[in-house]
Amino acid sequence: MVKLANEDILTREVLDWEGVHLLHFMGSSCSQKTRIFLNLKGIDWVSHHLDLTQRENNTDWFMGINPRGLVPVLVHDGDVIIESNDILEYLEEAFPTQPLIPATSSEDVHQLLMMENDLHLDLRAISLRYLFDVEKAMRSGEELQNYDAKGSGTVQGVKDAHKAVELQFHREVRDNNGVPDDRIVEAANRFRDAFSQMESRLQEHAYLLGDNISVLDIAWFIYAARLVACGYPLADLHINLGRWYDALNENPAFHNEVQLPPPLIAWRDKQHEKFLQDGTRLIDIGNLVP
């Protein structure tokens with residue numbers, strides 16, 4: 001679990017925060033699943049919204065809380081936990097009522113959350129190509145230098161290697177002036193394989209762990225929703241997963257979290273018309289045919 005050490009935290013005021021605080025962004029997939037988890041558990045929490053479109057996650061203040069500059073971040077009575085799946089597992093242990101991680105399936109859950117986490121950069125790549133304005137998302141060399149210099153640079157008291165992964169991703173997007181086709185093919189194939197595994201779990205049950213909603217349904221629903229918004233043909237490729245997704249999407253606790261703002265929908269639809277004409281939709285580049 002990525003709980004920060006005292007020396008990792010430069011913004012010292014958070015050490016005095018009492019209760020449950022979440023630093024998050026409306027459109028962040030990891031923030032969305034954390035908010036659903038908190039709300040389904042009935043946990044009272046204080047919201048600290050950061051606008052990632054304005055680079056509020058790269059300020060000295062926030063980088064002093066999370067040296068990786070990523071959301072969400074949980075602060076619970078002065079303890080700082082980063083990485084969304086670690087946050088969910090921490091919350092389950094701290095607030096065991098209304099369980100979303102069954103004790104009998106904890107190891108299974110942990111492994112499947114690791115699989116989900118391993119796909120995060122794939123989700124980001126597809127999102128930048130098919131949902132967000134990549135030109136606005138691209139970071140200049142100066143911005144990347146500032147990001148590299150800010151924060152303690154350590155996680156749990158040791159030099160953090162994850163920051164280099166973030167820098168590499170953003171440099172590749174900048175150097176390629178976007179996300180190239182081969183990266184989309186790789187990401188689409190990885191998601192198709194992962195969703196096929198989820199499909200088999202839903203042959204006899206309503207949810208990924210059986211007959212009750214769990215943290216796995218929350219995590220994979222968020223990924224499914226993002227990919228559907230990008231043009232992934234979920235129901236055509238994975239019949240059971242499509243039914244599962246539709247059922248969860250009727251639940252306001254899930255549906256409301258993944259609604260896109262109207263300006264983004266309009267921008268996306270315009271872009272997707274161009275992709276259709278050019279033959280460069282996600283379904284085309286990723287060869288996502290049944």
# chains A, B, ... in the order shown; residues from 1 in each chain; ligands from 1
>>> closest_atom_pairs(of="region 212-234 of chain A", to="region 123-143 of chain A", cutoff="9 Å", atoms="only C-alpha atoms", output="Markdown table")
| residue | atom | partner | partner_atom | distance |
| --- | --- | --- | --- | --- |
| A:Tyr223 | CA | A:Leu123 | CA | 7.4 |
| A:Arg226 | CA | A:Ser127 | CA | 7.5 |
| A:Leu227 | CA | A:Leu123 | CA | 7.6 |
| A:Ala229 | CA | A:Leu131 | CA | 7.2 |
| A:Cys230 | CA | A:Tyr130 | CA | 5.1 |
| A:Gly231 | CA | A:Tyr130 | CA | 7.7 |
>>> select_by_dssp(residues="region 92-289 of chain A", states="strand (DSSP E)", output="list in words")
Thr154, Val155, Val158 and Lys159 of chain A
>>> closest_residue(among="A:Asn146, A:Gln277, A:Gln197, A:Asn256", to="Trp220 (chain A)", atoms="only C-alpha atoms")
A:Gln197
>>> residues_around(residues="region 51-58 of chain A", least_positions_apart="4", cutoff="6 Å", atoms="only C-alpha atoms", output="VMD selection string")
chain A and resid 62 to 63 69
>>> residues_around(residues="Ser28 (chain A)", least_positions_apart="3", cutoff="9 Å", atoms="only C-alpha atoms", output="ChimeraX atom specification")
/A:24-25,31-33,52,71-72
>>> closest_residue(among="A:Glu92, A:Asp60, A:Asp8, A:Asp181", to="Leu40 (chain A)", atoms="only C-alpha atoms")
A:Glu92
>>> residues_around(residues="Leu38 (chain A)", least_positions_apart="5", cutoff="9 Å", atoms="only C-alpha atoms", output="PyMOL selection string")
chain A and resi 33+43-45+88+91
>>> atom_distance(atom1="CA of Leu70 (chain A)", atom2="CA of Ile184 (chain A)")
22.7 Å
>>> residues_around(residues="Glu166 (chain A)", least_positions_apart="3", cutoff="10 Å", atoms="only C-alpha atoms", output="short mmCIF file (atom, residue, chain, number, x, y, z; two decimals) with all heavy atoms, in the first residue's frame")
data_model
loop_
_atom_site.label_atom_id
_atom_site.label_comp_id
_atom_site.auth_asym_id
_atom_site.auth_seq_id
_atom_site.Cartn_x
_atom_site.Cartn_y
_atom_site.Cartn_z
N ARG A 68 3.93 12.43 -7.08
CA ARG A 68 3.69 11.96 -8.44
C ARG A 68 2.77 12.90 -9.22
O ARG A 68 2.59 12.74 -10.42
CB ARG A 68 3.09 10.55 -8.41
CG ARG A 68 4.05 9.51 -7.84
CD ARG A 68 3.43 8.13 -7.74
NE ARG A 68 4.42 7.18 -7.25
CZ ARG A 68 4.14 5.91 -6.93
NH1 ARG A 68 2.89 5.46 -7.04
NH2 ARG A 68 5.10 5.12 -6.50
N GLY A 69 2.11 13.81 -8.53
CA GLY A 69 1.24 14.77 -9.19
C GLY A 69 -0.03 14.17 -9.76
O GLY A 69 -0.62 14.71 -10.69
N LEU A 70 -0.49 13.05 -9.19
CA LEU A 70 -1.66 12.35 -9.72
C LEU A 70 -2.82 12.40 -8.72
O LEU A 70 -2.61 12.48 -7.51
CB LEU A 70 -1.30 10.87 -9.99
CG LEU A 70 -0.16 10.62 -10.98
CD1 LEU A 70 0.18 9.14 -11.02
CD2 LEU A 70 -0.51 11.13 -12.37
N LEU A 121 -2.24 3.26 -18.32
CA LEU A 121 -1.64 4.05 -19.39
C LEU A 121 -2.25 3.74 -20.75
O LEU A 121 -2.29 4.60 -21.63
CB LEU A 121 -0.13 3.85 -19.42
CG LEU A 121 0.65 4.43 -18.22
CD1 LEU A 121 2.13 4.21 -18.39
CD2 LEU A 121 0.35 5.93 -18.03
N LEU A 144 7.36 19.78 -18.30
CA LEU A 144 7.85 18.49 -17.83
C LEU A 144 9.06 18.66 -16.90
O LEU A 144 9.20 17.92 -15.92
CB LEU A 144 8.23 17.61 -19.02
CG LEU A 144 7.04 17.13 -19.87
CD1 LEU A 144 7.53 16.32 -21.06
CD2 LEU A 144 6.06 16.32 -19.04
N TYR A 147 7.60 19.70 -13.61
CA TYR A 147 6.99 18.54 -12.96
C TYR A 147 8.06 17.66 -12.33
O TYR A 147 7.93 17.20 -11.19
CB TYR A 147 6.19 17.74 -13.99
CG TYR A 147 5.77 16.37 -13.52
CD1 TYR A 147 4.75 16.21 -12.58
CD2 TYR A 147 6.39 15.23 -14.03
CE1 TYR A 147 4.37 14.94 -12.15
CE2 TYR A 147 6.01 13.96 -13.61
CZ TYR A 147 5.00 13.82 -12.68
OH TYR A 147 4.63 12.58 -12.24
N ASP A 148 9.15 17.45 -13.05
CA ASP A 148 10.23 16.59 -12.55
C ASP A 148 10.88 17.19 -11.31
O ASP A 148 11.31 16.45 -10.41
CB ASP A 148 11.26 16.40 -13.66
CG ASP A 148 12.24 15.28 -13.35
OD1 ASP A 148 11.89 14.39 -12.55
OD2 ASP A 148 13.34 15.29 -13.92
N ALA A 161 10.47 5.80 -8.63
CA ALA A 161 10.69 5.46 -10.04
C ALA A 161 9.46 5.73 -10.89
O ALA A 161 9.56 5.85 -12.12
CB ALA A 161 11.09 3.99 -10.16
N HIS A 162 8.29 5.83 -10.26
CA HIS A 162 7.05 6.00 -11.03
C HIS A 162 7.02 7.33 -11.77
O HIS A 162 6.42 7.44 -12.84
CB HIS A 162 5.84 5.91 -10.09
CG HIS A 162 4.52 5.92 -10.81
ND1 HIS A 162 3.92 4.77 -11.29
CD2 HIS A 162 3.70 6.95 -11.16
CE1 HIS A 162 2.78 5.09 -11.88
NE2 HIS A 162 2.62 6.40 -11.82
N LYS A 163 7.68 8.33 -11.22
CA LYS A 163 7.69 9.64 -11.86
C LYS A 163 8.32 9.56 -13.25
O LYS A 163 7.89 10.24 -14.18
CB LYS A 163 8.43 10.64 -10.99
CG LYS A 163 8.05 12.09 -11.21
CD LYS A 163 8.64 12.96 -10.11
CE LYS A 163 8.09 14.37 -10.20
NZ LYS A 163 8.65 15.23 -9.13
N PHE A 169 5.79 8.83 -20.65
CA PHE A 169 4.52 8.84 -21.36
C PHE A 169 4.28 10.20 -22.01
O PHE A 169 3.95 10.29 -23.21
CB PHE A 169 3.37 8.50 -20.42
CG PHE A 169 2.02 8.52 -21.08
CD1 PHE A 169 1.51 7.39 -21.69
CD2 PHE A 169 1.26 9.69 -21.11
CE1 PHE A 169 0.27 7.40 -22.32
CE2 PHE A 169 0.02 9.72 -21.74
CZ PHE A 169 -0.47 8.57 -22.34
N HIS A 170 4.43 11.26 -21.25
CA HIS A 170 4.15 12.60 -21.77
C HIS A 170 5.16 13.01 -22.84
O HIS A 170 4.80 13.70 -23.81
CB HIS A 170 4.12 13.61 -20.63
CG HIS A 170 2.91 13.47 -19.75
ND1 HIS A 170 1.65 13.79 -20.18
CD2 HIS A 170 2.77 13.03 -18.47
CE1 HIS A 170 0.77 13.55 -19.21
NE2 HIS A 170 1.43 13.10 -18.17
N ARG A 171 6.40 12.59 -22.69
CA ARG A 171 7.40 12.91 -23.72
C ARG A 171 7.08 12.19 -25.03
O ARG A 171 7.24 12.76 -26.12
CB ARG A 171 8.79 12.53 -23.22
CG ARG A 171 9.35 13.53 -22.19
CD ARG A 171 10.63 13.02 -21.56
NE ARG A 171 11.16 14.00 -20.61
CZ ARG A 171 11.89 13.68 -19.54
NH1 ARG A 171 12.18 12.40 -19.29
NH2 ARG A 171 12.32 14.63 -18.72
#
>>> closest_residue(among="A:Gly210, A:Lys274, A:Val73, A:Asp122", to="Ala194 (chain A)", atoms="only C-alpha atoms")
A:Asp122
>>> closest_residue(among="A:Arg35, A:Lys159, A:Lys270, A:Arg281", to="Glu257 (chain A)", atoms="only C-alpha atoms")
A:Arg35
>>> atom_distance(atom1="CA of Leu100 (chain A)", atom2="CA of Leu209 (chain A)")
10.2 Å
>>> closest_residue(among="A:Asn189, A:Asn66, A:Ser106, A:Thr154", to="Val289 (chain A)", atoms="only C-alpha atoms")
A:Asn189
>>> atom_distance(atom1="CA of Ile65 (chain A)", atom2="CA of Cys30 (chain A)")
17.1 Å
>>> decode(residues="region 166-185 of chain A", atoms="N, CA, C and O atoms", output="PDB file, in the first residue's frame")
ATOM      1  N   GLU A 166       5.748   8.445 -15.777  1.00  0.00           N
ATOM      2  CA  GLU A 166       4.876   9.545 -16.172  1.00  0.00           C
ATOM      3  C   GLU A 166       5.582  10.459 -17.172  1.00  0.00           C
ATOM      4  O   GLU A 166       4.996  10.857 -18.185  1.00  0.00           O
ATOM      5  N   LEU A 167       6.830  10.786 -16.891  1.00  0.00           N
ATOM      6  CA  LEU A 167       7.580  11.665 -17.787  1.00  0.00           C
ATOM      7  C   LEU A 167       7.737  11.032 -19.167  1.00  0.00           C
ATOM      8  O   LEU A 167       7.580  11.708 -20.188  1.00  0.00           O
ATOM      9  N   GLN A 168       8.035   9.748 -19.204  1.00  0.00           N
ATOM     10  CA  GLN A 168       8.204   9.064 -20.483  1.00  0.00           C
ATOM     11  C   GLN A 168       6.919   9.082 -21.296  1.00  0.00           C
ATOM     12  O   GLN A 168       6.941   9.315 -22.512  1.00  0.00           O
ATOM     13  N   PHE A 169       5.794   8.831 -20.645  1.00  0.00           N
ATOM     14  CA  PHE A 169       4.523   8.837 -21.364  1.00  0.00           C
ATOM     15  C   PHE A 169       4.281  10.195 -22.014  1.00  0.00           C
ATOM     16  O   PHE A 169       3.953  10.286 -23.211  1.00  0.00           O
ATOM     17  N   HIS A 170       4.435  11.264 -21.250  1.00  0.00           N
ATOM     18  CA  HIS A 170       4.147  12.597 -21.772  1.00  0.00           C
ATOM     19  C   HIS A 170       5.159  13.011 -22.840  1.00  0.00           C
ATOM     20  O   HIS A 170       4.800  13.704 -23.809  1.00  0.00           O
ATOM     21  N   ARG A 171       6.403  12.592 -22.694  1.00  0.00           N
ATOM     22  CA  ARG A 171       7.395  12.908 -23.722  1.00  0.00           C
ATOM     23  C   ARG A 171       7.083  12.192 -25.031  1.00  0.00           C
ATOM     24  O   ARG A 171       7.244  12.761 -26.124  1.00  0.00           O
ATOM     25  N   GLU A 172       6.629  10.950 -24.937  1.00  0.00           N
ATOM     26  CA  GLU A 172       6.287  10.204 -26.155  1.00  0.00           C
ATOM     27  C   GLU A 172       5.092  10.833 -26.861  1.00  0.00           C
ATOM     28  O   GLU A 172       5.067  10.919 -28.098  1.00  0.00           O
ATOM     29  N   VAL A 173       4.100  11.280 -26.094  1.00  0.00           N
ATOM     30  CA  VAL A 173       2.944  11.947 -26.710  1.00  0.00           C
ATOM     31  C   VAL A 173       3.388  13.231 -27.396  1.00  0.00           C
ATOM     32  O   VAL A 173       2.983  13.521 -28.537  1.00  0.00           O
ATOM     33  N   ARG A 174       4.246  13.987 -26.731  1.00  0.00           N
ATOM     34  CA  ARG A 174       4.728  15.239 -27.321  1.00  0.00           C
ATOM     35  C   ARG A 174       5.579  14.957 -28.561  1.00  0.00           C
ATOM     36  O   ARG A 174       5.408  15.595 -29.604  1.00  0.00           O
ATOM     37  N   ASP A 175       6.488  14.004 -28.479  1.00  0.00           N
ATOM     38  CA  ASP A 175       7.390  13.713 -29.596  1.00  0.00           C
ATOM     39  C   ASP A 175       6.632  13.184 -30.813  1.00  0.00           C
ATOM     40  O   ASP A 175       7.045  13.405 -31.953  1.00  0.00           O
ATOM     41  N   ASN A 176       5.523  12.459 -30.568  1.00  0.00           N
ATOM     42  CA  ASN A 176       4.714  11.909 -31.665  1.00  0.00           C
ATOM     43  C   ASN A 176       3.587  12.846 -32.084  1.00  0.00           C
ATOM     44  O   ASN A 176       2.799  12.498 -32.975  1.00  0.00           O
ATOM     45  N   ASN A 177       3.503  13.993 -31.416  1.00  0.00           N
ATOM     46  CA  ASN A 177       2.420  14.946 -31.665  1.00  0.00           C
ATOM     47  C   ASN A 177       1.054  14.272 -31.520  1.00  0.00           C
ATOM     48  O   ASN A 177       0.140  14.464 -32.313  1.00  0.00           O
ATOM     49  N   GLY A 178       0.944  13.453 -30.488  1.00  0.00           N
ATOM     50  CA  GLY A 178      -0.286  12.717 -30.227  1.00  0.00           C
ATOM     51  C   GLY A 178       0.011  11.264 -29.934  1.00  0.00           C
ATOM     52  O   GLY A 178       1.142  10.894 -29.599  1.00  0.00           O
ATOM     53  N   VAL A 179      -0.999  10.440 -30.051  1.00  0.00           N
ATOM     54  CA  VAL A 179      -0.857   9.005 -29.791  1.00  0.00           C
ATOM     55  C   VAL A 179      -0.881   8.272 -31.121  1.00  0.00           C
ATOM     56  O   VAL A 179      -1.880   8.306 -31.840  1.00  0.00           O
ATOM     57  N   PRO A 180       0.214   7.601 -31.491  1.00  0.00           N
ATOM     58  CA  PRO A 180       0.296   6.959 -32.809  1.00  0.00           C
ATOM     59  C   PRO A 180      -0.553   5.698 -32.903  1.00  0.00           C
ATOM     60  O   PRO A 180      -0.971   5.123 -31.886  1.00  0.00           O
ATOM     61  N   ASP A 181      -0.787   5.252 -34.125  1.00  0.00           N
ATOM     62  CA  ASP A 181      -1.635   4.091 -34.374  1.00  0.00           C
ATOM     63  C   ASP A 181      -1.143   2.841 -33.646  1.00  0.00           C
ATOM     64  O   ASP A 181      -1.946   2.074 -33.109  1.00  0.00           O
ATOM     65  N   ASP A 182       0.180   2.602 -33.663  1.00  0.00           N
ATOM     66  CA  ASP A 182       0.676   1.369 -33.060  1.00  0.00           C
ATOM     67  C   ASP A 182       0.417   1.316 -31.568  1.00  0.00           C
ATOM     68  O   ASP A 182       0.184   0.254 -31.004  1.00  0.00           O
ATOM     69  N   ARG A 183       0.419   2.491 -30.927  1.00  0.00           N
ATOM     70  CA  ARG A 183       0.099   2.532 -29.488  1.00  0.00           C
ATOM     71  C   ARG A 183      -1.370   2.230 -29.260  1.00  0.00           C
ATOM     72  O   ARG A 183      -1.737   1.572 -28.280  1.00  0.00           O
ATOM     73  N   ILE A 184      -2.236   2.681 -30.159  1.00  0.00           N
ATOM     74  CA  ILE A 184      -3.665   2.389 -30.060  1.00  0.00           C
ATOM     75  C   ILE A 184      -3.916   0.903 -30.262  1.00  0.00           C
ATOM     76  O   ILE A 184      -4.719   0.281 -29.544  1.00  0.00           O
ATOM     77  N   VAL A 185      -3.254   0.297 -31.232  1.00  0.00           N
ATOM     78  CA  VAL A 185      -3.400  -1.140 -31.475  1.00  0.00           C
ATOM     79  C   VAL A 185      -3.014  -1.930 -30.233  1.00  0.00           C
ATOM     80  O   VAL A 185      -3.730  -2.855 -29.811  1.00  0.00           O
TER      81      VAL A 185
END
